[in-house]
file target.pdb (PDB, C-alpha atoms, pLDDT in the B column)
MODEL        1
ATOM      1  CA  MET A   1      10.527 -13.576   5.718  1.00 84.00           C
ATOM      2  CA  ALA A   2       8.864 -10.415   4.391  1.00 90.00           C
ATOM      3  CA  ARG A   3       5.247 -10.938   3.241  1.00 92.00           C
ATOM      4  CA  VAL A   4       2.686  -9.080   1.144  1.00 94.00           C
ATOM      5  CA  VAL A   5       0.293  -7.603   3.702  1.00 93.00           C
ATOM      6  CA  HIS A   6      -1.653  -4.926   1.792  1.00 94.00           C
ATOM      7  CA  PHE A   7      -2.686  -3.941  -1.723  1.00 94.00           C
ATOM      8  CA  GLU A   8      -3.639  -0.626  -3.305  1.00 92.00           C
ATOM      9  CA  ILE A   9      -5.837  -0.130  -6.343  1.00 90.00           C
ATOM     10  CA  VAL A  10      -5.065   3.166  -8.030  1.00 88.00           C
ATOM     11  CA  CYS A  11      -8.114   4.836  -9.605  1.00 89.00           C
ATOM     12  CA  ASP A  12      -9.315   8.087 -11.152  1.00 86.00           C
ATOM     13  CA  ASP A  13     -12.542   8.200  -9.116  1.00 89.00           C
ATOM     14  CA  PRO A  14     -12.293   6.430  -5.732  1.00 91.00           C
ATOM     15  CA  GLU A  15     -16.016   6.824  -5.026  1.00 91.00           C
ATOM     16  CA  ARG A  16     -16.898   5.135  -8.329  1.00 91.00           C
ATOM     17  CA  ALA A  17     -14.300   2.408  -7.754  1.00 92.00           C
ATOM     18  CA  SER A  18     -15.614   1.860  -4.210  1.00 92.00           C
ATOM     19  CA  ALA A  19     -19.117   1.350  -5.570  1.00 93.00           C
ATOM     20  CA  PHE A  20     -17.785  -1.119  -8.162  1.00 86.00           C
ATOM     21  CA  TYR A  21     -15.801  -3.307  -5.730  1.00 90.00           C
ATOM     22  CA  THR A  22     -18.593  -3.210  -3.163  1.00 92.00           C
ATOM     23  CA  GLU A  23     -21.217  -4.253  -5.726  1.00 92.00           C
ATOM     24  CA  VAL A  24     -19.107  -6.933  -7.421  1.00 82.00           C
ATOM     25  CA  PHE A  25     -17.216  -8.499  -4.486  1.00 84.00           C
ATOM     26  CA  GLY A  26     -19.093  -7.273  -1.414  1.00 90.00           C
ATOM     27  CA  TRP A  27     -16.005  -5.504  -0.026  1.00 93.00           C
ATOM     28  CA  LYS A  28     -16.541  -3.015   2.809  1.00 96.00           C
ATOM     29  CA  ILE A  29     -14.846   0.236   1.811  1.00 96.00           C
ATOM     30  CA  THR A  30     -14.551   3.266   4.088  1.00 96.00           C
ATOM     31  CA  LYS A  31     -12.762   6.570   3.670  1.00 96.00           C
ATOM     32  CA  TRP A  32      -9.736   6.802   5.981  1.00 93.00           C
ATOM     33  CA  GLU A  33      -9.678   9.765   8.342  1.00 91.00           C
ATOM     34  CA  GLY A  34      -5.967  10.401   7.906  1.00 84.00           C
ATOM     35  CA  PRO A  35      -3.810  13.172   6.496  1.00 83.00           C
ATOM     36  CA  PHE A  36      -4.357  12.106   2.843  1.00 83.00           C
ATOM     37  CA  GLU A  37      -7.161  10.803   0.631  1.00 89.00           C
ATOM     38  CA  TYR A  38      -7.390   7.007   1.054  1.00 93.00           C
ATOM     39  CA  TRP A  39     -10.185   4.413   1.175  1.00 95.00           C
ATOM     40  CA  LEU A  40      -9.633   1.239   3.244  1.00 96.00           C
ATOM     41  CA  ALA A  41     -10.980  -1.996   1.745  1.00 96.00           C
ATOM     42  CA  SER A  42     -11.927  -4.954   3.924  1.00 96.00           C
ATOM     43  CA  THR A  43     -12.109  -7.978   1.617  1.00 93.00           C
ATOM     44  CA  GLY A  44     -13.255 -10.622   4.100  1.00 92.00           C
ATOM     45  CA  GLU A  45     -13.604 -11.716   7.682  1.00 92.00           C
ATOM     46  CA  LYS A  46     -10.589 -11.559  10.012  1.00 90.00           C
ATOM     47  CA  GLY A  47      -8.906 -14.931  10.342  1.00 89.00           C
ATOM     48  CA  THR A  48      -9.796 -16.072   6.812  1.00 88.00           C
ATOM     49  CA  PRO A  49      -7.271 -16.336   3.946  1.00 87.00           C
ATOM     50  CA  GLY A  50      -6.522 -13.154   2.028  1.00 89.00           C
ATOM     51  CA  ILE A  51      -5.391  -9.590   2.662  1.00 94.00           C
ATOM     52  CA  ASP A  52      -7.115  -6.242   2.931  1.00 96.00           C
ATOM     53  CA  GLY A  53      -6.149  -3.182   0.970  1.00 95.00           C
ATOM     54  CA  ALA A  54      -7.171   0.257  -0.159  1.00 95.00           C
ATOM     55  CA  LEU A  55      -8.212   2.463  -3.051  1.00 93.00           C
ATOM     56  CA  MET A  56      -6.283   5.636  -3.771  1.00 91.00           C
ATOM     57  CA  ARG A  57      -6.590   8.465  -6.269  1.00 89.00           C
ATOM     58  CA  ARG A  58      -4.229   8.203  -9.259  1.00 85.00           C
ATOM     59  CA  GLU A  59      -1.262  10.572  -8.707  1.00 81.00           C
ATOM     60  CA  GLY A  60       2.476  10.595  -9.331  1.00 71.00           C
ATOM     61  CA  PRO A  61       4.561   7.554 -10.247  1.00 65.00           C
ATOM     62  CA  VAL A  62       2.166   4.864  -9.019  1.00 65.00           C
ATOM     63  CA  GLY A  63      -0.464   3.162 -11.169  1.00 68.00           C
ATOM     64  CA  GLY A  64      -2.418  -0.071 -11.445  1.00 79.00           C
ATOM     65  CA  VAL A  65      -2.387  -2.447  -8.487  1.00 87.00           C
ATOM     66  CA  VAL A  66       0.420  -2.145  -5.945  1.00 89.00           C
ATOM     67  CA  ASN A  67       1.309  -4.721  -3.293  1.00 92.00           C
ATOM     68  CA  THR A  68       2.931  -3.652  -0.038  1.00 93.00           C
ATOM     69  CA  VAL A  69       5.489  -5.825   1.744  1.00 93.00           C
ATOM     70  CA  ASP A  70       5.852  -5.701   5.542  1.00 91.00           C
ATOM     71  CA  VAL A  71       9.511  -5.502   6.645  1.00 91.00           C
ATOM     72  CA  PRO A  72      11.130  -5.380  10.095  1.00 92.00           C
ATOM     73  CA  SER A  73      13.454  -2.469   9.141  1.00 95.00           C
ATOM     74  CA  PHE A  74      12.598   0.035   6.411  1.00 96.00           C
ATOM     75  CA  ASP A  75      16.163   1.338   6.129  1.00 97.00           C
ATOM     76  CA  GLU A  76      17.677  -2.156   5.890  1.00 94.00           C
ATOM     77  CA  TYR A  77      15.287  -3.216   3.122  1.00 94.00           C
ATOM     78  CA  ALA A  78      15.649   0.066   1.202  1.00 95.00           C
ATOM     79  CA  LYS A  79      19.379  -0.680   1.019  1.00 95.00           C
ATOM     80  CA  LYS A  80      18.731  -4.294  -0.064  1.00 94.00           C
ATOM     81  CA  ILE A  81      16.327  -3.148  -2.794  1.00 94.00           C
ATOM     82  CA  THR A  82      18.717  -0.627  -4.333  1.00 92.00           C
ATOM     83  CA  ALA A  83      21.699  -3.008  -4.004  1.00 93.00           C
ATOM     84  CA  ALA A  84      19.740  -5.646  -5.956  1.00 89.00           C
ATOM     85  CA  GLY A  85      18.968  -3.191  -8.780  1.00 89.00           C
ATOM     86  CA  GLY A  86      15.656  -1.728  -7.568  1.00 91.00           C
ATOM     87  CA  LYS A  87      14.896   1.977  -7.418  1.00 94.00           C
ATOM     88  CA  ALA A  88      13.173   4.198  -4.842  1.00 96.00           C
ATOM     89  CA  LEU A  89      10.241   6.123  -6.336  1.00 95.00           C
ATOM     90  CA  THR A  90       9.263   8.097  -3.237  1.00 96.00           C
ATOM     91  CA  PRO A  91      11.121   9.077  -0.085  1.00 97.00           C
ATOM     92  CA  LYS A  92      10.621   7.293   3.227  1.00 98.00           C
ATOM     93  CA  THR A  93       7.400   8.748   4.623  1.00 96.00           C
ATOM     94  CA  ALA A  94       5.961   8.558   8.133  1.00 96.00           C
ATOM     95  CA  VAL A  95       2.322   7.464   8.173  1.00 94.00           C
ATOM     96  CA  PRO A  96       1.120   8.765  11.558  1.00 94.00           C
ATOM     97  CA  ARG A  97       0.502   6.002  14.106  1.00 91.00           C
ATOM     98  CA  VAL A  98       1.123   3.322  11.431  1.00 93.00           C
ATOM     99  CA  GLY A  99       4.782   3.263  10.369  1.00 96.00           C
ATOM    100  CA  TYR A 100       7.239   4.177   7.600  1.00 98.00           C
ATOM    101  CA  PHE A 101       6.474   3.663   3.918  1.00 96.00           C
ATOM    102  CA  ALA A 102       7.787   4.260   0.392  1.00 97.00           C
ATOM    103  CA  TYR A 103       7.216   3.045  -3.171  1.00 95.00           C
ATOM    104  CA  PHE A 104       9.956   1.251  -5.132  1.00 91.00           C
ATOM    105  CA  LYS A 105      10.396  -0.308  -8.588  1.00 88.00           C
ATOM    106  CA  ASP A 106      11.875  -3.763  -9.052  1.00 89.00           C
ATOM    107  CA  THR A 107      14.304  -4.707 -11.837  1.00 85.00           C
ATOM    108  CA  GLU A 108      11.352  -5.405 -14.171  1.00 69.00           C
ATOM    109  CA  GLY A 109       9.695  -2.008 -13.704  1.00 82.00           C
ATOM    110  CA  ASN A 110       6.976  -3.190 -11.298  1.00 81.00           C
ATOM    111  CA  THR A 111       5.979  -0.839  -8.483  1.00 89.00           C
ATOM    112  CA  PHE A 112       5.640  -2.131  -4.917  1.00 88.00           C
ATOM    113  CA  GLY A 113       5.457  -0.621  -1.452  1.00 92.00           C
ATOM    114  CA  VAL A 114       7.563  -1.307   1.627  1.00 93.00           C
ATOM    115  CA  MET A 115       6.159  -0.701   5.129  1.00 94.00           C
ATOM    116  CA  GLU A 116       7.804  -0.894   8.538  1.00 96.00           C
ATOM    117  CA  ASN A 117       5.145  -0.913  11.246  1.00 94.00           C
ATOM    118  CA  ASP A 118       5.867   1.638  13.978  1.00 97.00           C
ATOM    119  CA  GLU A 119       2.979   3.125  15.961  1.00 95.00           C
ATOM    120  CA  SER A 120       5.246   5.964  17.120  1.00 96.00           C
ATOM    121  CA  ALA A 121       5.623   7.287  13.550  1.00 95.00           C
ATOM    122  CA  SER A 122       4.476  10.859  13.098  1.00 90.00           C
TER     123      SER A 122
ENDMDL
END
call {"tool": "encode", "arguments": {"input": "target.pdb", "output": "structure tokens"}}
result
Amino acid sequence: MARVVHFEIVCDDPERASAFYTEVFGWKITKWEGPFEYWLASTGEKGTPGIDGALMRREGPVGGVVNTVDVPSFDEYAKKITAAGGKALTPKTAVPRVGYFAYFKDTEGNTFGVMENDESAS
């Protein structure tokens, strides 16, 4: 079964948002050293209930809070999503050393992400 494994909080000022979530909830937020602007949020100790996520600058078709679902095959689930009435918002994108990712909309207009883990992605 595919599970929610990550969240993203879209914001206008990631540094300001980082300060807010750190002050209010005690999250540990660090800027990712990857090919795009992204701040990783650790929301608790490993092995405890909950998921970690990230903050990202507001751009394009994504807004609010977005959950990402881990799937065993990106291509298989992209087909399932569109066959069930969903819509792709972004193309399949390789996240180097992480996997393949894209944003979709469900039949109710909610945005979500789909990620296939693949460390060979480049």
call {"tool": "atom_distance", "arguments": {"input": "target.pdb", "atom1": "CA of Ala41 in chain A", "atom2": "CA of Gly109 in chain A"}}
result
25.8 Å
call {"tool": "atom_distance", "arguments": {"input": "target.pdb", "atom1": "CA of Ser120 in chain A", "atom2": "CA of Val69 in chain A"}}
result
19.4 Å
call {"tool": "atom_distance", "arguments": {"input": "target.pdb", "atom1": "CA of Trp39 in chain A", "atom2": "CA of Phe104 in chain A"}}
result
21.3 Å
call {"tool": "resolve_selection", "arguments": {"input": "target.pdb", "expression": "the PyMOL selection byres ((chain A and resi 85) around 10)", "output": "compact mmCIF listing (two decimals) with C-alpha atoms, in the frame of the given file"}}
result
# COMPACT_ATOMS: atom_id res chain seq x y z
CA LYS A 80 18.73 -4.29 -0.06
CA ILE A 81 16.33 -3.15 -2.79
CA THR A 82 18.72 -0.63 -4.33
CA ALA A 83 21.70 -3.01 -4.00
CA ALA A 84 19.74 -5.65 -5.96
CA GLY A 86 15.66 -1.73 -7.57
CA LYS A 87 14.90 1.98 -7.42
CA LYS A 105 10.40 -0.31 -8.59
CA ASP A 106 11.88 -3.76 -9.05
CA THR A 107 14.30 -4.71 -11.84
CA GLU A 108 11.35 -5.40 -14.17
call {"tool": "resolve_selection", "arguments": {"input": "target.pdb", "expression": "the PyMOL selection byres ((chain A and resi 65) around 9)", "output": "list in words"}}
result
Phe7, Glu8, Ile9, Val10, Val62, Gly63, Gly64, Val66, Asn67, Thr111 and Phe112 of chain A
call {"tool": "residues_around", "arguments": {"input": "target.pdb", "residues": "Glu119 in chain A", "least_positions_apart": "4", "cutoff": "8 Å", "atoms": "all atoms listed in the file", "output": "tab-separated table (two decimals) with C-alpha atoms, in the frame of the given file"}}
result
chain	number	residue	atom	x	y	z
A	96	PRO	CA	1.12	8.76	11.56
A	97	ARG	CA	0.50	6.00	14.11
A	98	VAL	CA	1.12	3.32	11.43
A	99	GLY	CA	4.78	3.26	10.37
call {"tool": "residues_around", "arguments": {"input": "target.pdb", "residues": "Trp27 in chain A", "least_positions_apart": "3", "cutoff": "7 Å", "atoms": "all atoms listed in the file", "output": "PyMOL selection string"}}
result
chain A and resi 21-22+41-43
call {"tool": "residues_around", "arguments": {"input": "target.pdb", "residues": "Pro91 in chain A", "least_positions_apart": "2", "cutoff": "8 Å", "atoms": "all atoms listed in the file", "output": "ChimeraX atom specification"}}
result
/A:88-89,93,102-103
call {"tool": "closest_residue", "arguments": {"input": "target.pdb", "among": "A:Thr68, A:Ser18, A:Val95, A:Phe74", "to": "Ile51 in chain A", "atoms": "only C-alpha atoms"}}
result
A:Thr68
call {"tool": "resolve_selection", "arguments": {"input": "target.pdb", "expression": "the PyMOL selection byres ((chain A and resi 101) around 7)", "output": "list of chain:residue names"}}
result
A:Lys92, A:Thr93, A:Ala94, A:Gly99, A:Tyr100, A:Ala102, A:Gly113, A:Val114, A:Met115, A:Glu116
call {"tool": "axis_aligned_box", "arguments": {"input": "target.pdb", "around": "range 21-38 of chain A", "padding_each_side": "4 Å", "output": "AutoDock Vina command-line options"}}
result
--center_x -12.5 --center_y 2.3 --center_z 0.5 --size_x 25.4 --size_y 29.7 --size_z 23.8
call {"tool": "closest_residue", "arguments": {"input": "target.pdb", "among": "A:Thr30, A:Ser122, A:Asn117, A:Thr90", "to": "Ala54 in chain A", "atoms": "only C-alpha atoms"}}
result
A:Thr30
call {"tool": "closest_residue", "arguments": {"input": "target.pdb", "among": "A:Val5, A:Ala19, A:Ala78, A:Val71", "to": "Pro49 in chain A", "atoms": "only C-alpha atoms"}}
result
A:Val5
call {"tool": "closest_residue", "arguments": {"input": "target.pdb", "among": "A:Lys79, A:Asn110, A:Met1, A:His6", "to": "Gly50 in chain A", "atoms": "all atoms listed in the file"}}
result
A:His6
call {"tool": "residues_around", "arguments": {"input": "target.pdb", "residues": "Pro14 in chain A", "least_positions_apart": "6", "cutoff": "8 Å", "atoms": "all atoms listed in the file", "output": "list in words"}}
result
Trp39, Leu55, Met56 and Arg57 of chain A
call {"tool": "write_last_selection", "arguments": {"input": "target.pdb", "atoms": "C-alpha atoms", "output": "PDB file, in the frame of the given file"}}
result
ATOM      1  CA  TRP A  39     -10.185   4.413   1.175  1.00 95.00           C
ATOM      2  CA  LEU A  55      -8.212   2.463  -3.051  1.00 93.00           C
ATOM      3  CA  MET A  56      -6.283   5.636  -3.771  1.00 91.00           C
ATOM      4  CA  ARG A  57      -6.590   8.465  -6.269  1.00 89.00           C
TER       5      ARG A  57
END
call {"tool": "closest_residue", "arguments": {"input": "target.pdb", "among": "A:Ala17, A:Asp118, A:Phe25, A:Gly60", "to": "Ser73 in chain A", "atoms": "all atoms listed in the file"}}
result
A:Asp118
